[in-house]
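K.L.:
Contents of work24.cif (mmCIF, C-alpha atoms) are given next:
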data_entry
loop_
_atom_site.label_atom_id
_atom_site.label_comp_id
_atom_site.auth_asym_id
_atom_site.auth_seq_id
_atom_site.Cartn_x
_atom_site.Cartn_y
_atom_site.Cartn_z
CA MET A 1 99.92 100.64 108.94
CA VAL A 2 96.68 101.33 110.80
CA ALA A 3 97.79 104.96 111.15
CA SER A 4 98.11 105.16 107.36
CA PHE A 5 94.46 104.13 107.01
CA VAL A 6 93.40 106.70 109.62
CA ALA A 7 95.35 109.45 107.84
CA THR A 8 93.75 108.48 104.52
CA ALA A 9 90.31 108.58 106.15
CA GLY A 10 91.04 112.10 107.37
CA GLN A 11 92.09 113.06 103.86
CA LEU A 12 88.77 111.77 102.49
CA LEU A 13 86.77 113.68 105.14
CA MET A 14 88.61 116.99 104.71
CA PRO A 15 86.58 118.38 101.74
CA GLY A 16 83.32 117.63 103.56
CA LEU A 17 84.51 119.51 106.64
CA ALA A 18 85.63 122.42 104.47
CA ALA A 19 82.22 122.54 102.79
CA LEU A 20 80.44 122.56 106.16
CA CYS A 21 82.65 125.20 107.77
CA ARG A 22 82.93 127.56 104.75
CA ASP A 23 85.37 129.72 106.75
CA TRP A 24 89.02 128.76 107.01
CA GLN A 25 89.31 130.04 110.62
CA VAL A 26 86.52 127.70 111.70
CA LEU A 27 88.09 124.87 109.72
CA GLN A 28 91.45 125.39 111.43
CA ALA A 29 89.82 125.36 114.87
CA LEU A 30 87.92 122.17 113.98
CA ILE A 31 91.13 120.47 112.85
CA ILE A 32 93.05 121.48 115.97
CA CYS A 33 90.37 120.32 118.44
CA PRO A 34 91.16 116.57 118.13
CA PHE A 35 94.78 117.29 119.09
CA LEU A 36 93.58 118.42 122.50
CA LEU A 37 92.56 114.83 123.16
CA MET A 38 96.25 113.90 123.10
CA LEU A 39 96.61 115.64 126.46
CA LEU A 40 94.63 112.74 127.91
CA TYR A 41 97.16 110.18 126.67
CA TRP A 42 99.32 110.66 129.75
CA SER A 43 96.53 109.66 132.14
CA ILE A 44 94.64 107.09 130.02
CA PHE A 45 97.29 105.13 128.13
CA PRO A 46 99.94 103.24 130.15
CA GLU A 47 103.63 103.30 129.44
CA SER A 48 105.06 100.62 127.18
CA LEU A 49 105.86 97.59 129.32
CA ARG A 50 108.31 96.38 126.71
CA TRP A 51 110.23 99.66 126.89
CA LEU A 52 110.23 99.63 130.70
CA MET A 53 111.72 96.16 130.76
CA ALA A 54 114.30 96.95 128.08
CA THR A 55 115.50 100.07 129.94
CA HIS A 56 115.67 98.21 133.30
CA GLN A 57 112.88 100.27 134.92
CA PHE A 58 111.74 97.24 136.85
CA ALA A 59 109.93 99.13 139.62
CA SER A 60 107.61 100.85 137.14
CA ALA A 61 107.25 97.59 135.23
CA LYS A 62 106.15 95.79 138.41
CA LYS A 63 103.51 98.43 139.13
CA LEU A 64 102.22 98.17 135.58
CA ILE A 65 102.02 94.38 135.71
CA LEU A 66 100.08 94.55 138.97
CA ARG A 67 97.77 97.11 137.39
CA PHE A 68 97.14 94.79 134.46
CA THR A 69 96.43 91.84 136.73
CA GLN A 70 93.93 93.85 138.75
CA LYS A 71 92.08 95.09 135.66
CA ASN A 72 91.98 91.60 134.19
CA ARG A 73 90.93 90.14 137.55
CA MET A 74 93.83 87.75 137.65
CA ASN A 75 95.56 86.29 140.66
CA PRO A 76 99.14 87.64 140.93
CA GLU A 77 100.21 84.46 142.70
CA SER A 78 99.37 82.30 139.65
CA ASP A 79 102.62 83.24 137.91
CA ILE A 80 103.55 80.23 135.81
CA LYS A 81 106.79 81.58 134.35
CA GLY A 82 107.95 83.21 137.57
CA VAL A 83 108.12 86.76 136.23
CA MET A 84 107.35 88.55 139.48
CA PRO A 85 110.11 86.82 141.52
CA GLU A 86 112.61 87.75 138.84
CA LEU A 87 111.44 91.36 138.95
CA GLU A 88 111.83 91.40 142.73
CA LYS A 89 115.48 90.40 142.35
CA GLU A 90 116.19 93.16 139.83
CA LEU A 91 114.48 96.06 141.59
CA SER A 92 117.78 97.36 142.95
CA ARG A 93 119.28 97.84 139.49
CA ARG A 94 119.48 101.38 138.15
CA PRO A 95 117.50 102.25 135.01
CA LYS A 96 119.49 102.43 131.77
CA LYS A 97 117.72 104.87 129.47
CA VAL A 98 119.36 105.13 126.07
CA CYS A 99 119.43 108.27 123.96
CA ILE A 100 119.10 108.15 120.17
CA VAL A 101 122.54 109.80 119.97
CA LYS A 102 124.07 106.45 120.94
CA VAL A 103 123.25 105.26 117.40
CA ALA A 104 126.19 107.31 116.12
CA GLY A 105 128.59 104.87 117.78
CA THR A 106 127.10 101.79 116.14
CA ARG A 107 128.34 100.09 113.00
CA ASN A 108 125.17 98.99 111.19
CA LEU A 109 122.21 100.47 113.04
CA TRP A 110 122.83 104.08 112.08
CA LYS A 111 123.13 103.08 108.43
CA ASN A 112 119.75 101.35 108.53
CA ILE A 113 118.08 104.40 110.08
CA VAL A 114 119.71 106.81 107.61
CA VAL A 115 118.62 104.65 104.64
CA LEU A 116 115.02 104.63 105.88
CA CYS A 117 115.13 108.39 106.52
CA VAL A 118 116.27 109.05 102.95
CA ASN A 119 113.69 106.58 101.66
CA SER A 120 110.79 108.24 103.51
CA LEU A 121 111.97 111.70 102.43
CA THR A 122 112.14 110.61 98.79
CA GLY A 123 108.82 108.75 98.87
CA PHE A 124 106.77 111.60 100.31
CA GLY A 125 108.74 114.25 98.40
CA ILE A 126 108.31 112.78 94.95
CA HIS A 127 104.65 112.05 95.75
CA HIS A 128 103.85 115.73 95.31
CA CYS A 129 105.72 115.80 91.99
CA PHE A 130 103.44 113.08 90.66
CA ALA A 131 100.37 114.80 92.12
CA ARG A 132 101.37 118.09 90.50
CA SER A 133 101.83 116.34 87.16
CA MET A 134 98.36 114.81 87.41
CA MET A 135 96.62 118.03 88.42
CA GLY A 136 98.64 120.45 86.31
CA HIS A 137 98.21 119.01 82.82
CA GLU A 138 97.37 121.52 80.12
CA VAL A 139 94.69 119.55 78.25
CA LYS A 140 92.01 118.52 80.72
CA VAL A 141 90.68 114.98 80.80
CA PRO A 142 86.90 114.79 81.39
CA LEU A 143 87.37 112.67 84.53
CA LEU A 144 89.67 115.25 86.14
CA GLU A 145 87.96 118.55 85.35
CA ASN A 146 87.59 120.06 88.82
CA PHE A 147 89.39 120.30 92.12
CA TYR A 148 87.26 117.74 93.96
CA ALA A 149 87.84 115.09 91.30
CA ASP A 150 91.62 115.64 91.52
CA TYR A 151 91.54 115.63 95.32
CA TYR A 152 89.47 112.46 95.68
CA THR A 153 91.52 110.74 92.99
CA ALA A 154 94.68 111.42 95.02
CA ALA A 155 92.98 110.23 98.22
CA GLY A 156 91.71 107.09 96.49
CA ILE A 157 95.22 106.33 95.22
CA ALA A 158 96.56 106.69 98.77
CA LEU A 159 93.88 104.32 100.06
CA ALA A 160 94.65 101.78 97.32
CA SER A 161 98.37 101.91 98.16
CA CYS A 162 97.63 101.22 101.84
CA LEU A 163 95.47 98.25 100.89
CA ALA A 164 98.10 96.88 98.51
CA MET A 165 100.90 97.37 101.03
CA CYS A 166 99.48 94.79 103.45
CA PRO A 167 99.60 91.68 101.20
CA VAL A 168 102.87 92.76 99.54
CA VAL A 169 104.61 93.06 102.90
CA ARG A 170 103.16 89.73 103.98
CA PHE A 171 104.39 87.74 100.96
CA LEU A 172 107.52 89.62 99.83
CA GLY A 173 108.76 90.75 103.22
CA ARG A 174 109.57 94.24 104.42
CA ARG A 175 112.72 94.78 102.38
CA GLY A 176 111.34 93.08 99.26
CA GLY A 177 108.11 95.10 99.37
CA LEU A 178 109.95 98.36 99.93
CA LEU A 179 112.32 97.57 97.06
CA LEU A 180 109.40 96.73 94.75
CA PHE A 181 107.54 99.98 95.47
CA MET A 182 110.70 102.08 95.09
CA ILE A 183 111.56 100.43 91.75
CA VAL A 184 108.04 101.16 90.47
CA THR A 185 108.39 104.76 91.67
CA ALA A 186 111.72 105.17 89.89
CA LEU A 187 110.36 103.66 86.65
CA ALA A 188 107.29 105.90 86.68
CA SER A 189 109.44 108.95 87.35
CA LEU A 190 112.01 108.17 84.64
CA LEU A 191 109.32 107.34 82.07
CA GLN A 192 107.48 110.54 82.86
CA LEU A 193 110.62 112.65 82.55
CA GLY A 194 112.13 110.90 79.52
CA LEU A 195 109.34 109.35 77.49
CA LEU A 196 107.02 112.34 77.74
CA ASN A 197 109.81 114.64 76.63
CA LEU A 198 110.28 112.41 73.60
CA ILE A 199 106.53 112.41 72.88
CA GLY A 200 106.54 116.20 73.16
CA LYS A 201 109.22 116.43 70.45
CA TYR A 202 107.31 114.09 68.12
CA SER A 203 104.06 115.96 68.70
CA GLN A 204 105.58 119.01 67.02
CA HIS A 205 105.67 117.12 63.71
CA PRO A 206 102.25 117.00 62.03
CA ASP A 207 102.87 113.57 60.47
CA SER A 208 103.80 111.82 63.74
CA GLY A 209 100.23 111.22 64.89
CA MET A 210 101.10 112.44 68.41
CA SER A 211 99.15 115.23 70.07
CA GLU A 212 99.19 117.07 73.37
CA SER A 213 96.20 115.08 74.55
CA VAL A 214 98.14 111.82 74.12
CA LYS A 215 101.03 113.29 76.11
CA ASP A 216 98.71 114.39 78.92
CA LYS A 217 97.05 110.97 79.09
CA PHE A 218 100.46 109.30 79.41
CA SER A 219 101.40 111.84 82.06
CA ILE A 220 98.27 111.08 84.08
CA ALA A 221 98.88 107.32 83.82
CA PHE A 222 102.49 107.59 85.02
CA SER A 223 101.45 110.02 87.75
CA ILE A 224 98.83 107.62 89.13
CA VAL A 225 101.32 104.74 89.19
CA GLY A 226 103.99 106.98 90.76
CA MET A 227 101.63 108.30 93.44
CA PHE A 228 100.53 104.75 94.27
CA ALA A 229 104.09 103.40 94.64
CA SER A 230 105.64 106.46 96.32
CA HIS A 231 102.93 106.64 99.02
CA ALA A 232 103.38 102.95 99.77
CA ALA A 233 107.19 103.33 99.89
CA GLY A 234 107.02 106.26 102.31
CA SER A 235 104.52 104.57 104.63
CA LEU A 236 106.38 101.27 104.54
CA SER A 237 109.63 103.02 105.52
CA VAL A 238 108.00 104.11 108.79
CA PHE A 239 106.65 100.61 109.42
CA PHE A 240 110.04 99.04 108.61
CA CYS A 241 111.84 101.40 111.01
CA ALA A 242 109.51 100.35 113.84
CA GLU A 243 110.73 96.75 113.46
CA ILE A 244 114.49 97.09 112.98
CA THR A 245 115.02 99.85 115.58
CA PRO A 246 115.68 98.45 119.08
CA THR A 247 113.08 98.96 121.78
CA VAL A 248 115.30 101.25 123.86
CA ILE A 249 115.49 103.84 121.05
CA ARG A 250 112.45 102.92 118.94
CA CYS A 251 110.67 106.22 119.58
CA GLY A 252 113.77 108.17 118.59
CA GLY A 253 114.28 106.17 115.40
CA LEU A 254 110.64 106.55 114.44
CA GLY A 255 110.87 110.27 115.15
CA LEU A 256 113.79 110.64 112.75
CA VAL A 257 112.02 108.77 109.95
CA LEU A 258 108.77 110.69 110.50
CA ALA A 259 110.69 113.98 110.55
CA SER A 260 112.30 113.04 107.23
CA ALA A 261 108.88 112.23 105.81
CA GLY A 262 107.57 115.60 107.01
CA PHE A 263 110.54 117.35 105.41
CA GLY A 264 109.71 115.59 102.14
CA MET A 265 106.16 116.91 102.38
CA LEU A 266 107.46 120.41 103.11
CA THR A 267 109.23 120.48 99.74
CA ALA A 268 105.80 120.66 98.06
CA PRO A 269 105.17 124.39 98.76
CA ILE A 270 108.57 125.27 97.28
CA ILE A 271 107.15 124.75 93.79
CA GLU A 272 104.11 126.89 94.56
CA LEU A 273 106.21 129.69 96.08
CA HIS A 274 108.39 129.90 92.96
CA ASN A 275 105.38 129.81 90.61
CA GLN A 276 106.35 126.31 89.43
CA LYS A 277 109.54 127.54 87.75
CA GLY A 278 111.73 124.87 89.33
CA TYR A 279 109.28 121.99 89.04
CA PHE A 280 111.23 120.01 86.43
CA LEU A 281 114.50 120.26 88.39
CA HIS A 282 112.62 119.39 91.57
CA HIS A 283 111.37 116.17 89.97
CA ILE A 284 114.80 115.28 88.55
CA ILE A 285 116.44 115.56 91.99
CA PHE A 286 113.91 113.22 93.57
CA ALA A 287 114.16 110.81 90.64
CA CYS A 288 117.92 110.56 91.25
CA CYS A 289 117.20 109.96 94.94
CA THR A 290 114.95 107.02 94.06
CA LEU A 291 117.84 105.36 92.22
CA ILE A 292 120.10 105.88 95.23
CA CYS A 293 117.42 104.43 97.53
CA ILE A 294 117.11 101.28 95.39
CA ILE A 295 120.83 100.60 95.85
CA CYS A 296 120.80 101.39 99.58
CA LEU A 297 117.75 99.24 100.29
CA LEU A 298 119.81 96.14 99.51
CA LEU A 299 121.86 96.89 102.63
CA LEU A 300 118.87 96.64 104.98
CA PRO A 301 118.13 93.47 106.97
CA GLU A 302 114.87 91.57 106.69
CA SER A 303 112.72 91.80 109.84
CA ARG A 304 109.90 89.44 108.85
CA ASP A 305 109.61 86.42 111.19
CA GLN A 306 112.41 87.87 113.36
CA ASN A 307 112.31 88.81 117.03
CA LEU A 308 112.08 92.52 117.71
CA PRO A 309 115.47 93.82 118.93
CA GLU A 310 115.46 95.01 122.53
CA SER A 311 118.89 96.62 122.98
CA ILE A 312 121.36 98.29 120.66
CA PRO A 313 123.55 95.12 120.45
CA ASP A 314 120.44 93.19 119.36
CA GLY A 315 119.88 95.71 116.59
CA GLU A 316 123.52 95.43 115.56
CA HIS A 317 123.21 91.65 115.21
CA TYR A 318 120.45 92.02 112.63
CA THR A 319 122.20 90.54 109.60
CA ARG A 320 121.43 91.12 105.94
CA GLN A 321 119.79 88.08 104.36
CA PRO A 322 119.65 87.40 100.59
CA LEU A 323 116.51 88.57 98.78
CA LEU A 324 115.84 85.15 97.27
CA PRO A 325 115.75 82.06 99.52
CA PRO A 326 118.61 79.59 98.91
CA ARG A 327 117.88 76.52 96.83
CA ARG A 328 117.58 73.11 98.42
CA GLY A 329 121.01 71.61 98.92
CA GLU A 330 122.80 74.90 98.25
CA GLN A 331 125.60 75.72 100.69
CA PRO A 332 125.16 79.17 102.28
CA LEU A 333 128.06 81.57 101.94
CA LEU A 334 128.10 82.52 105.61
CA LEU A 335 127.13 80.36 108.56
CA THR A 336 125.05 81.74 111.39
CA ASN A 337 126.22 81.64 114.98
CA ALA A 338 123.97 78.65 115.68
CA GLU A 339 125.53 76.70 112.82
CA LEU A 340 129.15 77.31 113.77
CA LYS A 341 130.83 74.20 115.12
CA ASP A 342 132.58 74.23 118.45
CA TYR A 343 136.28 73.48 118.10
CA SER A 344 137.18 74.47 121.65
CA GLY A 345 138.06 70.89 122.59
CA LEU A 346 140.78 70.55 119.98
CA HIS A 347 143.34 72.39 122.04
CA ALA A 348 142.68 70.17 125.08
CA ALA A 349 142.87 67.04 122.94
CA ALA A 350 146.09 68.14 121.30
CA ALA A 351 147.66 68.82 124.71
CA GLY A 352 147.37 65.13 125.63
CA LEU A 353 149.15 63.84 122.50
CA PRO A 354 152.83 62.79 122.55
CA ASP A 355 155.49 65.18 121.34
CA GLY A 356 155.65 65.58 117.58
CA ALA A 357 152.15 64.24 116.95
CA THR A 358 149.48 66.28 115.24
CA ALA A 359 145.87 66.69 116.32
CA ASN A 360 144.69 63.88 114.01
CA GLY A 361 147.12 61.36 115.52
CA GLY A 362 149.77 61.43 112.78
CA ARG A 363 153.33 62.74 112.85
CA PRO A 364 154.70 65.51 110.73
CA MET A 365 156.99 64.56 107.85
#
Have the structure of the file written as structure tokens, please.

P.N.:
Amino acid sequence: MVASFVATAGQLLMPGLAALCRDWQVLQALIICPFLLMLLYWSIFPESLRWLMATHQFASAKKLILRFTQKNRMNPESDIKGVMPELEKELSRRPKKVCIVKVAGTRNLWKNIVVLCVNSLTGFGIHHCFARSMMGHEVKVPLLENFYADYYTAAGIALASCLAMCPVVRFLGRRGGLLLFMIVTALASLLQLGLLNLIGKYSQHPDSGMSESVKDKFSIAFSIVGMFASHAAGSLSVFFCAEITPTVIRCGGLGLVLASAGFGMLTAPIIELHNQKGYFLHHIIFACCTLICIICLLLLPESRDQNLPESIPDGEHYTRQPLLPPRRGEQPLLLTNAELKDYSGLHAAAAGLPDGATANGGRPM
């Protein structure tokens, strides 16, 4: 979520950099320079201690813990929970690195990742359809008369969606927030495709009172709502994947969802390459995908207030909870493992009964 704010800040700074450089070669070099700083990540930033422990790389984990204690000026001997002695016992174990391909053998985990991949692809793909509708209207609105106004409007909508995503995820949960944003995206898309077509037919009649300016104003309104919801849905899909994907394959799962989001962004130049001839069909395809995503999102588990899964079996045990909390006194349909009663002693008790007696002490008729 912090990365979404940083990306939006870069989007807001881009026109200023372009105005200062005035040459696209200089602008490209200026954009690429910050990526060179990533070469320093290997020497500055440490490896994830959580990932080292989950993949049984206990020797590297021990070195990292000692490094942390030295930097924090702590005494390694003051180990209250006894972590270091436990690490010493496990140093002989071989590391167990897990590849993302192992997800194909799971029952639920691969479905969750595929749903989030499709959701991120649809969110970032349909975002350009809404942006093109807002910037490509025939009758210009005074507020959106030039390129910079269109650009900063789109950047402001992205910033507003990031700000709104934080409280929505906090109160509605990850799955509820994602479902809300995708429903709003689908409604904005369907209204823009259906209602505006109907307004266009009525505008041809002189007595209807409809005009092209009214149609364009409705188009801009639906485009703003659609851009707001679709950007939030795409960003929230990445955040959701980081929580439900186990630690051992979290980087791989995030990579798949981010690659799907990038593929959704790459569909934007297709309209420009074909001179906008397939724009309407492009929007219809993504609108159908939003309806599919709404159905598939109900299959995802809720990760709010849950422990992050460490291994693939932990990710498989993530169960799907109901969207609405159960009422007081209502019997749940399925019991959790902690609520299941232990009936293991019945067999031993029944073995000590006389012949012909049942487990409750009676005799069969």

K.L.:
Out of A:Leu193, A:Ala233, A:Ile312, A:Leu299, which residue has the shortest atom-to-atom distance to Ile284 of chain A when counting only C-alpha atoms?

P.N.:
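Nearest candidate to Ile284 of chain A out of A:Leu193, A:Ala233, A:Ile312, A:Leu299: A:Leu193.
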
K.L.:
For a quick check of understanding, using all atoms listed in the file, which of A:Thr185, A:Ser48, A:Thr55, A:Thr247 has the smallest distance to Ala287 of chain A?

P.N.:
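Using all atoms listed in the file, the shortest distance to Ala287 of chain A belongs to A:Thr185.
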
K.L.:
With distances taken over all atoms listed in the file, which of A:Arg175, A:Leu159, A:Arg94, A:Ala104 is nearest to Cys296 of chain A?

P.N.:
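Closest residue, counting all atoms listed in the file: A:Arg175.
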
K.L.:
Of the residues A:Tyr318, A:Tyr152, A:Phe147, A:Phe124, which is the one nearest to Ala229 of chain A, using all atoms listed in the file?

P.N.:
A:Phe124

K.L.:
Go through A:Leu116, A:Ile295, A:Leu281, A:Leu36 and flag the residue nearest Val257 of chain A, using only C-alpha atoms for the distances.

P.N.:
A:Leu116

K.L.:
Would you translate the PyMOL selection byres ((chain A and resi 88) around 12) into the concrete set of residues it matches in this file, as a list in words?

P.N.:
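Applied to this file, the PyMOL selection byres ((chain A and resi 88) around 12) returns Gln57, Phe58, Ala59, Ser60, Ala61, Lys62, Lys63, Gly82, Val83, Met84, Pro85, Glu86, Leu87, Lys89, Glu90, Leu91, Ser92 and Arg93 of chain A.
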
K.L.:
Grab the atom CA of Gly255 of chain A to atom CA of Ala242 of chain A distance for me, in Å with one decimal place.

P.N.:
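Computing the Euclidean distance for atom CA of Gly255 of chain A and atom CA of Ala242 of chain A yields 10.1 Å.
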
K.L.:
Can you work out the spacing between atom CA of Pro95 of chain A and atom CA of His56 of chain A in Å, to one decimal?

P.N.:
4.8 Å

K.L.:
Given the choices A:Ser303, A:Ser189, A:Ser311, A:Gln11, which gets closest to Thr153 of chain A if the distance is worked out from only C-alpha atoms?

P.N.:
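Closest residue, counting only C-alpha atoms: A:Gln11.
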
K.L.:
Could you list, as a PyMOL selection string, every residue matched by the PyMOL selection byres ((chain A and resi 109) around 12) in this structure?

P.N.:
chain A and resi 100-108+110-116+241+244-246+249-250+253+299-301+309+311-320

K.L.:
Would you list the residues near (114.4, 108.9, 105.0) (no more than 9 Å away, in the coordinates of the file, using only C-alpha atoms) as a list in words?

P.N.:
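It turns out the residues near that spot are Ile113, Val114, Val115, Leu116, Cys117, Val118, Asn119, Ser120, Leu121, Thr122, Gly123, Gly234, Ser237, Val238, Leu256, Val257, Leu258, Ala259, Ser260, Ala261 and Gly264 of chain A.
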
K.L.:
Store the residues picked out above, limited to C-alpha atoms, as a CSV table (one decimal), keeping the file's coordinate frame.

P.N.:
chain,number,residue,atom,x,y,z
A,113,ILE,CA,118.1,104.4,110.1
A,114,VAL,CA,119.7,106.8,107.6
A,115,VAL,CA,118.6,104.6,104.6
A,116,LEU,CA,115.0,104.6,105.9
A,117,CYS,CA,115.1,108.4,106.5
A,118,VAL,CA,116.3,109.0,103.0
A,119,ASN,CA,113.7,106.6,101.7
A,120,SER,CA,110.8,108.2,103.5
A,121,LEU,CA,112.0,111.7,102.4
A,122,THR,CA,112.1,110.6,98.8
A,123,GLY,CA,108.8,108.8,98.9
A,234,GLY,CA,107.0,106.3,102.3
A,237,SER,CA,109.6,103.0,105.5
A,238,VAL,CA,108.0,104.1,108.8
A,256,LEU,CA,113.8,110.6,112.8
A,257,VAL,CA,112.0,108.8,110.0
A,258,LEU,CA,108.8,110.7,110.5
A,259,ALA,CA,110.7,114.0,110.6
A,260,SER,CA,112.3,113.0,107.2
A,261,ALA,CA,108.9,112.2,105.8
A,264,GLY,CA,109.7,115.6,102.1

K.L.:
What does the structure give for the distance between atom CA of Val98 of chain A and atom CA of Cys251 of chain A, in Å to one decimal?

P.N.:
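Interatomic distance here is 10.9 Å.
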
K.L.:
Got a sec: who's within 7 Å of Cys162 of chain A, counting all atoms listed in the file, leaving out chain neighbours fewer than 5 positions off, as an MDAnalysis selection string?

P.N.:
chainID A and resid 4:5 232

K.L.:
Those same residues, written as an mmCIF file, in the coordinates of the input with C-alpha atoms?

P.N.:
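Just written: result_34.cif:
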data_model
loop_
_atom_site.group_PDB
_atom_site.id
_atom_site.type_symbol
_atom_site.label_atom_id
_atom_site.label_comp_id
_atom_site.auth_asym_id
_atom_site.auth_seq_id
_atom_site.Cartn_x
_atom_site.Cartn_y
_atom_site.Cartn_z
ATOM 1 C CA SER A 4 98.110 105.160 107.360
ATOM 2 C CA PHE A 5 94.460 104.130 107.010
ATOM 3 C CA ALA A 232 103.380 102.950 99.770
#
